[in-house]
$ cat final.cif   # mmCIF, C-alpha atoms
data_run
#
loop_
_atom_site.label_atom_id
_atom_site.label_comp_id
_atom_site.auth_asym_id
_atom_site.auth_seq_id
_atom_site.Cartn_x
_atom_site.Cartn_y
_atom_site.Cartn_z
CA MET A 29 53.60 87.81 -33.86
CA LYS A 30 54.99 84.97 -35.85
CA LEU A 31 54.10 82.52 -33.04
CA ARG A 32 50.50 83.73 -32.89
CA THR A 33 50.16 83.39 -36.64
CA LEU A 34 51.28 79.73 -36.50
CA VAL A 35 48.79 78.91 -33.76
CA LEU A 36 45.93 80.50 -35.59
CA GLY A 37 46.92 78.69 -38.76
CA SER A 38 46.93 75.34 -37.00
CA ALA A 39 43.50 75.96 -35.50
CA ALA A 40 42.12 76.88 -38.89
CA SER A 41 43.55 73.70 -40.37
CA LEU A 42 41.90 71.54 -37.64
CA SER A 43 38.54 73.24 -38.15
CA LEU A 44 38.73 72.63 -41.88
CA ALA A 45 39.59 68.95 -41.35
CA GLY A 46 36.65 68.49 -38.99
CA ALA A 47 34.28 70.09 -41.44
CA LEU A 48 35.48 67.78 -44.19
CA ALA A 49 35.00 64.73 -41.95
CA PHE A 50 31.33 65.54 -41.32
CA ALA A 51 30.70 66.56 -44.91
CA THR A 52 32.22 63.43 -46.45
CA PRO A 53 30.09 60.21 -45.90
CA GLY A 54 32.96 57.86 -46.50
CA PHE A 55 35.12 59.40 -43.86
CA ALA A 56 33.23 58.00 -40.79
CA GLN A 57 32.21 54.63 -42.29
CA SER A 58 34.39 52.54 -44.50
CA ASP A 59 34.27 49.09 -46.02
CA MET A 60 35.86 47.73 -42.78
CA ASN A 61 33.07 49.19 -40.61
CA PRO A 62 29.72 48.81 -42.44
CA PRO A 63 26.53 50.35 -40.99
CA GLN A 64 24.37 48.12 -38.63
CA VAL A 65 20.84 48.09 -40.01
CA SER A 66 17.99 46.14 -38.18
CA SER A 67 15.26 44.40 -40.10
CA PRO A 68 11.67 45.64 -39.70
CA ALA A 69 10.78 42.53 -37.63
CA GLU A 70 13.69 43.09 -35.26
CA GLN A 71 12.77 46.73 -34.89
CA GLN A 72 9.17 45.81 -34.05
CA GLN A 73 10.26 43.22 -31.46
CA THR A 74 12.63 45.74 -29.89
CA GLU A 75 9.81 48.27 -29.61
CA GLN A 76 7.57 45.64 -27.95
CA LEU A 77 10.26 44.69 -25.42
CA ASN A 78 10.88 48.33 -24.60
CA ALA A 79 7.17 48.92 -24.09
CA GLN A 80 6.82 45.87 -21.81
CA ALA A 81 9.86 46.92 -19.79
CA ALA A 82 8.36 50.36 -19.35
CA ASP A 83 5.09 48.78 -18.09
CA GLY A 84 6.96 46.60 -15.56
CA THR A 85 6.09 43.22 -17.11
CA THR A 86 6.78 40.00 -15.17
CA ALA A 87 6.57 37.69 -18.15
CA SER A 88 9.24 35.00 -18.54
CA PRO A 89 11.88 35.22 -21.27
CA ALA A 90 10.12 32.36 -23.09
CA GLN A 91 6.85 34.30 -23.13
CA LEU A 92 8.58 37.54 -24.15
CA ASN A 93 10.12 35.71 -27.07
CA GLY A 94 6.74 34.45 -28.20
CA ASP A 95 6.91 30.92 -26.66
CA ALA A 96 3.86 31.04 -24.35
CA ALA A 97 3.41 27.24 -24.33
CA ALA A 98 6.86 26.73 -22.77
CA GLY A 99 5.95 29.08 -19.96
CA ASN A 100 2.70 27.23 -19.14
CA ALA A 101 4.18 23.68 -19.28
CA PRO A 102 5.42 23.41 -15.62
CA GLN A 103 2.10 24.68 -14.25
CA ALA A 104 0.13 22.22 -16.40
CA GLN A 105 2.33 19.34 -15.24
CA GLN A 106 1.89 20.26 -11.59
CA SER A 107 -1.90 20.45 -12.01
CA ALA A 108 -1.96 17.00 -13.64
CA GLN A 109 0.10 15.48 -10.80
CA GLN A 110 -2.18 17.04 -8.18
CA GLN A 111 -5.27 15.68 -9.91
CA GLN A 112 -3.74 12.19 -10.13
CA TYR A 113 -2.89 12.25 -6.41
CA GLN A 114 -6.44 13.25 -5.50
CA GLN A 115 -7.86 10.44 -7.63
CA GLN A 116 -5.59 7.91 -5.93
CA GLN A 117 -6.67 9.16 -2.51
CA GLN A 118 -10.33 8.85 -3.42
CA GLN A 119 -9.80 5.33 -4.73
CA TYR A 120 -7.98 4.30 -1.54
CA GLN A 121 -10.74 5.72 0.68
CA SER A 122 -13.36 3.93 -1.40
CA GLN A 123 -11.54 0.61 -1.04
CA GLN A 124 -11.18 1.11 2.71
CA ALA A 125 -14.89 1.81 3.06
CA GLN A 126 -15.74 -1.29 1.02
CA TYR A 127 -13.44 -3.47 3.13
CA GLN A 128 -14.91 -2.17 6.40
CA ASP A 129 -18.42 -2.78 5.13
CA GLN A 130 -17.59 -6.34 4.12
CA SER A 131 -15.89 -6.98 7.46
CA ALA A 132 -18.91 -5.67 9.37
CA ARG A 133 -21.28 -7.84 7.34
CA TYR A 134 -19.04 -10.87 7.94
CA ASP A 135 -19.08 -10.29 11.70
CA ARG A 136 -22.87 -10.00 11.65
CA ASN A 137 -23.44 -13.10 9.54
CA ILE A 138 -20.82 -15.57 10.71
CA ARG A 139 -22.70 -16.58 13.86
CA ARG A 140 -25.68 -17.67 11.79
CA TYR A 141 -23.62 -20.75 10.86
CA ASP A 142 -23.47 -21.78 14.52
CA SER A 143 -26.48 -24.03 14.16
CA ALA A 144 -27.10 -27.76 14.27
CA GLN A 145 -27.31 -28.14 10.49
CA TYR A 146 -23.59 -27.31 10.23
CA TYR A 147 -22.35 -29.34 13.20
CA PHE A 148 -19.95 -32.20 12.73
CA THR A 149 -21.68 -35.53 13.20
CA ASP A 150 -18.58 -37.69 13.08
CA TYR A 151 -16.97 -36.93 16.45
CA PRO A 152 -15.92 -39.90 18.61
CA ARG A 153 -18.91 -41.47 20.36
CA HIS A 154 -17.92 -40.12 23.73
CA ALA A 155 -15.72 -37.31 25.01
CA TYR A 156 -12.63 -38.12 27.00
CA ALA A 157 -11.94 -36.88 30.49
CA TYR A 158 -10.83 -33.29 30.10
CA ARG A 159 -7.16 -32.71 30.82
CA TYR A 160 -4.88 -29.75 30.40
CA GLY A 161 -1.91 -28.06 32.02
CA ASP A 162 1.12 -30.16 32.94
CA ASP A 163 -0.42 -33.59 32.39
CA ALA A 164 2.40 -36.01 31.62
CA GLN A 165 0.40 -37.66 28.84
CA LEU A 166 -0.14 -34.38 26.99
CA VAL A 167 2.35 -32.85 24.59
CA ARG A 168 2.80 -29.20 23.78
CA LEU A 169 2.48 -28.64 20.06
CA TYR A 170 5.95 -27.19 19.53
CA LEU A 171 7.41 -30.55 20.66
CA ILE A 172 5.54 -32.55 18.02
CA ALA A 173 7.43 -33.80 14.99
CA GLU A 174 5.51 -33.21 11.75
CA PRO A 175 2.58 -31.50 13.56
CA SER A 176 0.63 -30.93 10.34
CA GLN A 177 0.40 -34.70 9.90
CA GLN A 178 -0.04 -35.82 13.50
CA LEU A 179 -2.73 -33.25 14.26
CA ALA A 180 -4.69 -33.63 11.02
CA GLN A 181 -8.44 -33.94 11.68
CA ALA A 182 -7.88 -34.44 15.41
CA PRO A 183 -11.03 -33.60 17.42
CA VAL A 184 -10.72 -30.72 19.89
CA GLU A 185 -12.27 -30.92 23.35
CA GLY A 186 -13.09 -27.83 25.42
CA PRO A 187 -13.03 -27.17 29.18
CA ASP A 188 -16.65 -28.30 29.59
CA GLY A 189 -15.84 -31.76 28.20
CA GLN A 190 -17.64 -31.10 24.92
CA TRP A 191 -16.26 -31.25 21.41
CA VAL A 192 -15.66 -27.76 20.07
CA GLY A 193 -14.11 -28.47 16.69
CA LYS A 194 -11.51 -30.33 14.68
CA VAL A 195 -7.98 -29.47 13.54
CA ARG A 196 -8.15 -28.55 9.90
CA ASN A 197 -4.70 -27.13 9.22
CA VAL A 198 -1.40 -26.34 10.95
CA GLU A 199 0.67 -23.41 9.74
CA ILE A 200 4.38 -24.02 10.27
CA ALA A 201 6.83 -21.22 11.08
CA THR A 202 10.32 -20.88 9.60
CA ASP A 203 11.83 -22.69 12.61
CA GLY A 204 9.65 -25.75 11.96
CA ARG A 205 7.32 -25.15 14.90
CA PRO A 206 3.57 -24.59 14.63
CA ALA A 207 2.81 -20.88 14.16
CA ARG A 208 -0.97 -21.22 14.42
CA VAL A 209 -3.60 -23.94 14.16
CA GLU A 210 -6.79 -23.73 12.13
CA VAL A 211 -9.66 -25.28 14.06
CA ALA A 212 -12.92 -25.94 12.22
CA LEU A 213 -15.87 -25.18 14.49
CA ASN A 214 -18.28 -26.74 12.02
CA ARG A 215 -18.54 -27.43 8.31
CA ARG A 216 -18.66 -23.71 7.48
CA VAL A 217 -16.48 -21.81 9.93
CA SER A 218 -12.87 -22.18 11.03
CA VAL A 219 -10.71 -20.00 13.29
CA TRP A 220 -6.99 -19.57 13.95
CA VAL A 221 -5.86 -20.68 17.41
CA ASN A 222 -2.57 -19.99 19.16
CA PRO A 223 -0.65 -23.29 19.65
CA GLY A 224 -0.12 -22.31 23.29
CA ASN A 225 -3.85 -22.86 23.90
CA LEU A 226 -3.71 -26.48 22.74
CA ARG A 227 -2.38 -29.76 24.16
CA PHE A 228 -2.11 -33.03 22.24
CA ASP A 229 -2.78 -36.54 23.48
CA PRO A 230 -0.94 -38.78 20.99
CA ALA A 231 -2.35 -41.98 22.50
CA ASP A 232 -5.97 -41.09 21.77
CA HIS A 233 -5.25 -38.57 19.01
CA ILE A 234 -7.17 -35.88 20.88
CA VAL A 235 -6.44 -32.15 21.23
CA PHE A 236 -7.49 -30.35 24.41
CA THR A 237 -7.91 -26.58 24.67
CA ASP A 238 -8.46 -24.15 27.51
CA LEU A 239 -10.75 -22.05 25.27
CA THR A 240 -14.52 -22.43 25.37
CA ARG A 241 -16.57 -22.62 22.21
CA ALA A 242 -17.67 -19.02 22.81
CA ASP A 243 -14.00 -18.00 23.03
CA LEU A 244 -13.24 -19.72 19.75
CA TRP A 245 -16.03 -17.88 17.96
CA GLN A 246 -14.33 -14.60 18.86
CA LEU A 247 -11.04 -15.54 17.18
CA PRO A 248 -10.10 -14.47 13.64
CA GLY A 249 -11.00 -16.97 10.96
CA ALA A 250 -12.58 -17.65 7.60
CA THR A 251 -15.81 -19.12 6.31
CA TYR A 252 -15.43 -22.15 4.12
CA GLU A 253 -17.19 -25.26 2.91
CA SER A 254 -15.83 -28.64 3.99
CA THR A 255 -17.06 -32.16 3.44
CA THR A 256 -14.05 -33.84 5.02
CA ALA A 257 -15.16 -36.32 7.66
CA TYR A 258 -13.25 -37.19 10.81
CA ARG A 259 -11.63 -40.60 10.65
CA PRO A 260 -10.52 -41.93 14.05
CA TYR A 261 -7.06 -43.49 14.18
#
$ encode --input "final.cif" --output "structure tokens"
Amino acid sequence: MKLRTLVLGSAASLSLAGALAFATPGFAQSDMNPPQVSSPAEQQQTEQLNAQAADGTTASPAQLNGDAAAGNAPQAQQSAQQQQYQQQQQQYQSQQAQYQDQSARYDRNIRRYDSAQYYFTDYPRHAYAYRYGDDAQLVRLYLIAEPSQQLAQAPVEGPDGQWVGKVRNVEIATDGRPARVEVALNRRVSVWVNPGNLRFDPADHIVFTDLTRADLWQLPGATYESTTAYRPY
């Protein structure tokens, strides 16, 4: 009986202590553990986040925190880059179309300069006997020292024994050999000729070619004005 009385007394003491703990405000919270109180703004933001989470929102953290501009910046940058690329493509296509149009007009108009009013009138009085191939008196252009000087203004004779033009310029490669030769067909038109199609006679200062005048008109070239006269050496 004494043991039962002690147990009941202990239980009564614990119940009384628990009741005092709930009844006394200072028992659960002290100066070392102050209450956590949210501001009205924080409470409102928390309610908004909870509502958006309940609705299954897919907004970014920046947008959820009120920074909508930060969320739209990458998309705006990508749109600007795409627009710039399209503008560059349109400009390139426009330039290509303009170049092709100019090239077509050049091809149509260049042959109109093949008329007597543009012919050279200062060729030698007579053409020389046409020679080509392995003639011992002829020199291949890559064997000529200072070809731009030796070939300057030399008349060019074609396979039919007629003058077809004059050497206007010699473009030299990095190895010192002629890369291509500019032959003036008349006072307005010149074309670029492969040095392999030309042979030089240093004695008479004449260049022979295996290309006809019609062949030369098909080669790439440029239209120009020239008043330089041929001066025989």
$ residues_near_point --input "final.cif" --point "(3.6, -23.8, 17.6)" --cutoff "12 Å" --atoms "all atoms listed in the file" --output "ChimeraX atom specification"
/A:167-176,179,198-210,220-228
$ resolve_selection --input "final.cif" --expression "the PyMOL selection byres ((chain A and resi 231-245) around 6)" --output "ChimeraX atom specification"
/A:182-187,192,225-230,246-247
$ atom_distance --input "final.cif" --atom1 "atom CA of Gly193 of chain A" --atom2 "atom CA of Tyr156 of chain A"
14.2 Å
$ atom_distance --input "final.cif" --atom1 "atom CA of Gln112 of chain A" --atom2 "atom CA of Asp129 of chain A"
25.9 Å
$ atom_distance --input "final.cif" --atom1 "atom CA of Ala144 of chain A" --atom2 "atom CA of Gln177 of chain A"
28.7 Å
$ resolve_selection --input "final.cif" --expression "the PyMOL selection byres ((chain A and resi 148) around 9)" --output "ChimeraX atom specification"
/A:144-147,149-151,193-194,213-215,257-258
$ closest_residue --input "final.cif" --among "A:Gln118, A:Gln178, A:Gln111, A:Gln190" --to "Arg153 of chain A" --atoms "all atoms listed in the file"
A:Gln190
